[in-house]
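Visitor: Once you've had a glance at the structure underneath, I'll fire off some questions.
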Amino acid sequence: MRRGPLTAGEKVQFTDRKGKMITDQLMPGGSTQTEHGLILHDEVIGATEGIVVTTVHAKRDAQVNAAHPERDANKPWKSARAIGGWDYAVMRPRLADYVLSMPRGAQIMYPKDIAQVLSLGDIRRGMRVLESGAGSGAMSLHLLDAVGESGNLTTIELRPQFAHVAEANATVYFGGKPAWWDLKTGDFDSVAATLPEHWFDRIMLDMLDPWNRLEQAHRVIAPGGVLVAYVTTTTQLSRLAEALRDSGQWTEPQVSETLERTWKVQGLAVRPDHTMVGHTGFLLVSRAMADGVEPLRKRDRATKDTYTDVDAESAEARDLAELELRDISDRKLGKVIRDLDRQVAAVRSSASNGATGDAANGVGGAPDAAMPAVDAQRPDDGAGATAPDSAATLEG
């Protein structure tokens, strides 16, 4: 936790009155290029958070495309951006802000999903956590912050380049590589095989095929430990859930998805923003059973067959008609049919009564001899008027 004056080497966040944010690393004699001039780092270093700095005039040369100056010839607004006088508030970035702005080699998890991992996974200070898939380090940073120096995070990353990016981002954020982080490179099964048995309290899997890693995951996690997996597609989700059930070593998986929508609140104009962060991924949570102990399963109803593939079944194996009715019992189906028959009968009865009433009133049947032919009394003048006697007859 950094407190006190801002120092060289740490990252700060500049925010203008429109809410535009720029995150940059403070350097002695350095500057940050904005749309409205330059922010001089020397004016920020040594100051406290919460101050406001004003941009200074930027040379026109800094705004022009050096390689292709002709592209900026007809862009007069570029010179206007060189004029200073624009205010920015200075703050240390939150971890969520830092994650969204840091250099990345792989797609990161969004803060809304990371928060759910920490909450649903019950990841707390002092715990031992195993993570697979460092990526750019977004999840690793939050795990390191959650377990703290009294805990331990072991991360397995397959690609050395991504491990390098994740380590660099963590080093910049913490001001040095965290001593409680053990970052390993290699495939999950090979590296996990070298780890102590039942040593980890929590496991976080963010990888393409987590269902293939359950054997080693169960070997290294302590009984009762929590497994959290992040997958992005429904096919991955289905395969992982079924693999957990088939293994007989994990509790019934719980699956959730988080959507995020921001709101505009300005006076009486209170409404949701036009854009939102929709689907990013699914979170699956399960807990490890003790060795040799079968998990408790909810008993499936005999009429609920959710596994049989109709196309894969032969006519000899099962009658197609039975497959079509497998999701509803005969008793329930009979009740549905009786209910619908009553509704159809009511419709027909209403239609029949309506037809009888219309016939009694001379509507819908043959013309009544006692009723004058209205059309015959209508003058053929195109005005649409009717004879007085005909109108009186109709009104009567």
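In the structure tokens, each chain is lettered A, B, ... as it comes, each chain's residues begin at 1, and ligands are numbered from 1 in order of appearance.
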Find the residues near Thr233 in chain A: any atom within 8 Å, counting only C-alpha atoms, skip ones fewer than 2 places away on the same chain, and give them as number ranges by chain.

Guide: A: 231, 235-237, 281-282

Visitor: Per residue of range 84-156 of chain A within 8 Å of range 170-183 of chain A, which atom pair is closest and at what distance in Å (one decimal), using only C-alpha atoms, listed by chain and increasing number, as a Markdown table?

Guide:
| residue | atom | partner | partner_atom | distance |
| --- | --- | --- | --- | --- |
| A:Tyr98 | CA | A:Tyr173 | CA | 8.0 |
| A:Gly137 | CA | A:Ala170 | CA | 7.0 |
| A:Leu141 | CA | A:Ala170 | CA | 6.2 |
| A:Leu144 | CA | A:Trp181 | CA | 7.2 |
| A:Gly148 | CA | A:Trp180 | CA | 7.7 |
| A:Glu149 | CA | A:Trp180 | CA | 5.8 |
| A:Ser150 | CA | A:Trp180 | CA | 7.7 |
| A:Gly151 | CA | A:Trp180 | CA | 6.7 |
| A:Asn152 | CA | A:Trp180 | CA | 5.1 |
| A:Leu153 | CA | A:Trp181 | CA | 4.9 |
| A:Thr154 | CA | A:Asp182 | CA | 4.7 |
| A:Thr155 | CA | A:Leu183 | CA | 4.9 |
| A:Ile156 | CA | A:Leu183 | CA | 6.3 |

Visitor: Quick one: pick out all helix (DSSP H, G or I) residues within range 185-256 of chain A from a backbone DSSP run and write them as a count of residues only.

Guide: 30

Visitor: Which one of A:Leu130, A:Ala138, A:Leu259, A:Leu296 sits closest to Pro196 in chain A if you count only C-alpha atoms?

Guide: A:Leu130

Visitor: Please list as a ChimeraX atom specification every residue within 7 Å of range 29-38 of chain A, counting only C-alpha atoms and excluding residues in the same chain fewer than 4 positions away.

Guide: /A:42,55-58,81-84,86

Visitor: Go through A:Ala134, A:Val52, A:Ala288, A:Leu26 and flag the residue nearest Lys11 in chain A, using only C-alpha atoms for the distances.

Guide: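 Of all the options, A:Leu26 lies closest to Lys11 in chain A.
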
Visitor: Kindly give the distance, in Å, that separates CA of Gly4 in chain A and CA of Glu49 in chain A, rounded to a single decimal.

Guide: 8.1 Å

Visitor: CA of Tyr88 in chain A and CA of Phe14 in chain A are how many Å apart?

Guide: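 Going from CA of Tyr88 in chain A over to CA of Phe14 in chain A covers 5.5 Å.
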
Visitor: Grab the CA of Gly334 in chain A to CA of Arg299 in chain A distance for me, in Å with one decimal place.

Guide: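 Value for the CA of Gly334 in chain A-CA of Arg299 in chain A distance: 24.7 Å.
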
Visitor: Please list as number ranges by chain every residue within 12 Å of Thr232 in chain A, counting only C-alpha atoms and excluding residues in the same chain fewer than 5 positions away.

Guide: A: 107, 109, 113, 206-210, 237-238, 240, 256-257, 279-284

Visitor: Among range 172-237 of chain A, which ones does DSSP place in strand (DSSP E or B), written as a list in words?

Guide: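 Matching residues for strand (DSSP E or B) in range 172-237 of chain A are Trp181, Asp182, Leu183, Lys184, Thr185, Phe200, Asp201, Arg202, Ile203, Met204, Leu205, Ile221, Ala222, Pro223, Gly224, Gly225, Val226, Leu227, Val228, Ala229, Tyr230 and Val231 of chain A.
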
Visitor: Taking 5 positions as the minimum chain separation for residues in the same chain, which residues sit within 12 Å of Ala89 in chain A when counting only C-alpha atoms? Answer as a PyMOL selection string.

Guide: chain A and resi 12-23+39+44+48-55

Visitor: Could the residues in this selection be written to a file with N, CA and C atoms, as a CSV table (one decimal), in the first residue's frame?

Guide:
chain,number,residue,atom,x,y,z
A,12,VAL,N,0.5,6.9,-12.1
A,12,VAL,CA,-0.6,7.8,-11.6
A,12,VAL,C,-1.7,7.9,-12.7
A,13,GLN,N,-2.8,8.4,-12.3
A,13,GLN,CA,-4.0,8.5,-13.2
A,13,GLN,C,-4.4,10.0,-13.3
A,14,PHE,N,-4.4,10.5,-14.5
A,14,PHE,CA,-4.8,11.9,-14.8
A,14,PHE,C,-6.2,11.8,-15.4
A,15,THR,N,-7.2,12.6,-14.7
A,15,THR,CA,-8.6,12.6,-15.2
A,15,THR,C,-9.0,14.0,-15.4
A,16,ASP,N,-9.6,14.3,-16.6
A,16,ASP,CA,-10.1,15.6,-16.9
A,16,ASP,C,-11.5,15.8,-16.5
A,17,ARG,N,-12.1,16.9,-16.7
A,17,ARG,CA,-13.5,17.2,-16.3
A,17,ARG,C,-14.5,16.4,-17.1
A,18,LYS,N,-14.1,15.9,-18.2
A,18,LYS,CA,-15.0,15.0,-19.0
A,18,LYS,C,-15.0,13.5,-18.6
A,19,GLY,N,-14.1,13.2,-17.7
A,19,GLY,CA,-14.0,11.9,-17.2
A,19,GLY,C,-13.0,11.0,-18.0
A,20,LYS,N,-12.2,11.7,-18.9
A,20,LYS,CA,-11.2,10.9,-19.7
A,20,LYS,C,-10.0,10.7,-18.8
A,21,MET,N,-9.5,9.5,-18.8
A,21,MET,CA,-8.4,9.1,-17.9
A,21,MET,C,-7.2,8.7,-18.7
A,22,ILE,N,-6.1,9.1,-18.2
A,22,ILE,CA,-4.8,8.7,-18.7
A,22,ILE,C,-3.9,8.2,-17.6
A,23,THR,N,-3.4,7.0,-17.8
A,23,THR,CA,-2.5,6.4,-16.7
A,23,THR,C,-1.1,6.4,-17.3
A,39,ILE,N,1.5,17.3,-19.7
A,39,ILE,CA,1.5,17.3,-18.3
A,39,ILE,C,3.0,17.1,-17.9
A,44,VAL,N,4.3,17.0,-10.6
A,44,VAL,CA,3.5,16.0,-9.9
A,44,VAL,C,4.4,15.2,-8.9
A,48,THR,N,1.0,15.4,-3.4
A,48,THR,CA,0.1,14.4,-2.9
A,48,THR,C,-1.0,14.2,-3.9
A,49,GLU,N,-1.7,13.1,-3.7
A,49,GLU,CA,-2.9,12.8,-4.5
A,49,GLU,C,-4.0,13.8,-4.3
A,50,GLY,N,-4.8,14.0,-5.3
A,50,GLY,CA,-5.9,14.9,-5.2
A,50,GLY,C,-5.6,16.3,-5.7
A,51,ILE,N,-4.5,16.5,-6.2
A,51,ILE,CA,-4.1,17.8,-6.7
A,51,ILE,C,-4.6,18.0,-8.2
A,52,VAL,N,-4.6,19.2,-8.7
A,52,VAL,CA,-5.0,19.4,-10.1
A,52,VAL,C,-3.8,20.1,-10.8
A,53,VAL,N,-3.4,19.5,-11.9
A,53,VAL,CA,-2.3,20.0,-12.7
A,53,VAL,C,-2.9,20.6,-14.0
A,54,THR,N,-2.2,21.6,-14.5
A,54,THR,CA,-2.6,22.2,-15.8
A,54,THR,C,-1.6,21.9,-16.9
A,55,THR,N,-2.1,21.6,-18.0
A,55,THR,CA,-1.2,21.3,-19.1
A,55,THR,C,-0.5,22.5,-19.6

Visitor: For Ile114 in chain A, please output as an mmCIF file with N, CA and C atoms, in the first residue's frame all residues within 12 Å (counting only C-alpha atoms; exclusion window: fewer than 2 positions along the same chain).

Guide:
data_model
loop_
_atom_site.group_PDB
_atom_site.id
_atom_site.type_symbol
_atom_site.label_atom_id
_atom_site.label_comp_id
_atom_site.auth_asym_id
_atom_site.auth_seq_id
_atom_site.Cartn_x
_atom_site.Cartn_y
_atom_site.Cartn_z
ATOM 1 N N LEU A 95 -6.705 -0.579 -8.318
ATOM 2 C CA LEU A 95 -6.206 -1.800 -8.954
ATOM 3 C C LEU A 95 -6.993 -2.105 -10.222
ATOM 4 N N ALA A 96 -8.307 -1.869 -10.191
ATOM 5 C CA ALA A 96 -9.127 -2.099 -11.391
ATOM 6 C C ALA A 96 -8.704 -1.175 -12.521
ATOM 7 N N VAL A 99 -5.307 -2.408 -13.924
ATOM 8 C CA VAL A 99 -5.439 -3.616 -14.738
ATOM 9 C C VAL A 99 -5.937 -3.278 -16.142
ATOM 10 N N ILE A 108 -7.427 -9.894 -20.924
ATOM 11 C CA ILE A 108 -7.506 -9.950 -19.463
ATOM 12 C C ILE A 108 -8.934 -10.249 -19.015
ATOM 13 N N MET A 109 -9.068 -10.707 -17.787
ATOM 14 C CA MET A 109 -10.373 -10.850 -17.174
ATOM 15 C C MET A 109 -10.862 -9.476 -16.725
ATOM 16 N N TYR A 110 -12.147 -9.236 -16.885
ATOM 17 C CA TYR A 110 -12.706 -7.952 -16.487
ATOM 18 C C TYR A 110 -12.832 -7.884 -14.965
ATOM 19 N N PRO A 111 -12.781 -6.679 -14.408
ATOM 20 C CA PRO A 111 -12.917 -6.537 -12.952
ATOM 21 C C PRO A 111 -14.179 -7.181 -12.391
ATOM 22 N N LYS A 112 -15.282 -7.155 -13.137
ATOM 23 C CA LYS A 112 -16.528 -7.741 -12.628
ATOM 24 C C LYS A 112 -16.370 -9.244 -12.424
ATOM 25 N N GLN A 116 -15.880 -11.537 -8.630
ATOM 26 C CA GLN A 116 -16.657 -12.731 -8.328
ATOM 27 C C GLN A 116 -15.763 -13.921 -8.006
ATOM 28 N N VAL A 117 -14.611 -14.009 -8.667
ATOM 29 C CA VAL A 117 -13.664 -15.081 -8.359
ATOM 30 C C VAL A 117 -13.217 -14.988 -6.910
ATOM 31 N N LEU A 118 -12.858 -13.789 -6.476
ATOM 32 C CA LEU A 118 -12.391 -13.602 -5.108
ATOM 33 C C LEU A 118 -13.498 -13.873 -4.096
ATOM 34 N N SER A 119 -14.724 -13.491 -4.436
ATOM 35 C CA SER A 119 -15.835 -13.668 -3.498
ATOM 36 C C SER A 119 -16.317 -15.111 -3.476
ATOM 37 N N LEU A 120 -16.672 -15.667 -4.633
ATOM 38 C CA LEU A 120 -17.194 -17.029 -4.684
ATOM 39 C C LEU A 120 -16.119 -18.054 -4.345
ATOM 40 N N GLY A 121 -14.864 -17.733 -4.697
ATOM 41 C CA GLY A 121 -13.776 -18.629 -4.357
ATOM 42 C C GLY A 121 -13.316 -18.505 -2.921
ATOM 43 N N ILE A 123 -11.354 -16.386 -1.427
ATOM 44 C CA ILE A 123 -9.897 -16.237 -1.407
ATOM 45 C C ILE A 123 -9.549 -15.091 -0.463
ATOM 46 N N GLY A 137 -1.542 -10.978 -16.346
ATOM 47 C CA GLY A 137 -1.355 -10.761 -14.919
ATOM 48 C C GLY A 137 -2.519 -10.099 -14.202
ATOM 49 N N ALA A 138 -3.656 -9.887 -14.854
ATOM 50 C CA ALA A 138 -4.784 -9.211 -14.203
ATOM 51 C C ALA A 138 -5.279 -10.003 -12.994
ATOM 52 N N MET A 139 -5.542 -11.292 -13.193
ATOM 53 C CA MET A 139 -6.019 -12.123 -12.087
ATOM 54 C C MET A 139 -4.921 -12.318 -11.060
ATOM 55 N N SER A 140 -3.685 -12.444 -11.511
ATOM 56 C CA SER A 140 -2.565 -12.656 -10.583
ATOM 57 C C SER A 140 -2.421 -11.488 -9.621
ATOM 58 N N LEU A 141 -2.554 -10.264 -10.119
ATOM 59 C CA LEU A 141 -2.430 -9.088 -9.266
ATOM 60 C C LEU A 141 -3.478 -9.098 -8.152
ATOM 61 N N HIS A 142 -4.700 -9.451 -8.488
ATOM 62 C CA HIS A 142 -5.757 -9.485 -7.482
ATOM 63 C C HIS A 142 -5.541 -10.627 -6.491
ATOM 64 N N LEU A 143 -5.067 -11.768 -6.975
ATOM 65 C CA LEU A 143 -4.797 -12.882 -6.071
ATOM 66 C C LEU A 143 -3.656 -12.540 -5.128
ATOM 67 N N ALA A 146 -4.992 -10.286 -2.557
ATOM 68 C CA ALA A 146 -5.948 -10.930 -1.656
ATOM 69 C C ALA A 146 -5.252 -11.799 -0.613
ATOM 70 N N MET A 204 -7.477 -21.674 -9.058
ATOM 71 C CA MET A 204 -8.129 -20.844 -10.071
ATOM 72 C C MET A 204 -7.620 -21.285 -11.436
ATOM 73 N N ASP A 206 -7.873 -20.709 -15.468
ATOM 74 C CA ASP A 206 -8.262 -19.851 -16.595
ATOM 75 C C ASP A 206 -7.496 -20.363 -17.806
ATOM 76 N N VAL A 228 -12.214 -22.774 -8.716
ATOM 77 C CA VAL A 228 -12.926 -21.794 -9.533
ATOM 78 C C VAL A 228 -12.347 -21.852 -10.937
ATOM 79 N N ALA A 229 -13.218 -22.000 -11.923
ATOM 80 C CA ALA A 229 -12.781 -22.061 -13.317
ATOM 81 C C ALA A 229 -13.496 -20.977 -14.113
ATOM 82 N N TYR A 230 -12.745 -20.334 -15.000
ATOM 83 C CA TYR A 230 -13.291 -19.282 -15.866
ATOM 84 C C TYR A 230 -13.240 -19.777 -17.301
ATOM 85 N N GLU A 257 -22.942 -16.140 -14.203
ATOM 86 C CA GLU A 257 -22.464 -15.165 -15.189
ATOM 87 C C GLU A 257 -22.814 -13.780 -14.658
ATOM 88 N N THR A 258 -21.918 -12.841 -14.799
ATOM 89 C CA THR A 258 -22.124 -11.495 -14.280
ATOM 90 C C THR A 258 -22.188 -10.494 -15.429
ATOM 91 N N THR A 280 -18.876 -11.914 -20.808
ATOM 92 C CA THR A 280 -17.428 -12.060 -20.953
ATOM 93 C C THR A 280 -16.996 -13.484 -20.667
ATOM 94 N N GLY A 281 -17.666 -14.149 -19.736
ATOM 95 C CA GLY A 281 -17.307 -15.524 -19.419
ATOM 96 C C GLY A 281 -18.209 -16.089 -18.334
ATOM 97 N N PHE A 282 -18.066 -17.404 -18.114
ATOM 98 C CA PHE A 282 -18.794 -18.097 -17.061
ATOM 99 C C PHE A 282 -17.832 -18.449 -15.930
ATOM 100 N N LEU A 283 -18.338 -18.432 -14.723
ATOM 101 C CA LEU A 283 -17.578 -18.879 -13.557
ATOM 102 C C LEU A 283 -18.208 -20.156 -13.028
#

Visitor: Excluding Leu227 in chain A and its own-chain neighbours fewer than 4 positions away, which residues fall within 7 Å of it when counting only C-alpha atoms? Please give them as JSON, numbers by chain.

Guide: {"A": [202, 203, 204, 285, 286, 287]}

Visitor: Go ahead and write the residues just picked, N, CA, C and O atoms, as a tab-separated table (two decimals), in the first residue's frame.

Guide:
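Result file is selection11.tsv:
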chain	number	residue	atom	x	y	z
A	202	ARG	N	-6.98	-23.12	-2.45
A	202	ARG	CA	-7.83	-22.70	-3.56
A	202	ARG	C	-7.10	-22.91	-4.89
A	202	ARG	O	-5.87	-22.82	-4.94
A	203	ILE	N	-7.87	-23.17	-5.94
A	203	ILE	CA	-7.31	-23.30	-7.29
A	203	ILE	C	-8.15	-22.45	-8.23
A	203	ILE	O	-9.39	-22.51	-8.22
A	204	MET	N	-7.48	-21.67	-9.06
A	204	MET	CA	-8.13	-20.84	-10.07
A	204	MET	C	-7.62	-21.29	-11.44
A	204	MET	O	-6.42	-21.21	-11.72
A	285	VAL	N	-17.85	-23.00	-9.96
A	285	VAL	CA	-17.28	-23.20	-8.63
A	285	VAL	C	-17.64	-24.59	-8.14
A	285	VAL	O	-18.80	-25.02	-8.23
A	286	SER	N	-16.65	-25.31	-7.60
A	286	SER	CA	-16.86	-26.62	-7.03
A	286	SER	C	-15.86	-26.82	-5.90
A	286	SER	O	-14.84	-26.12	-5.83
A	287	ARG	N	-16.15	-27.79	-5.02
A	287	ARG	CA	-15.27	-28.05	-3.88
A	287	ARG	C	-14.78	-29.49	-3.92
A	287	ARG	O	-15.48	-30.40	-4.39
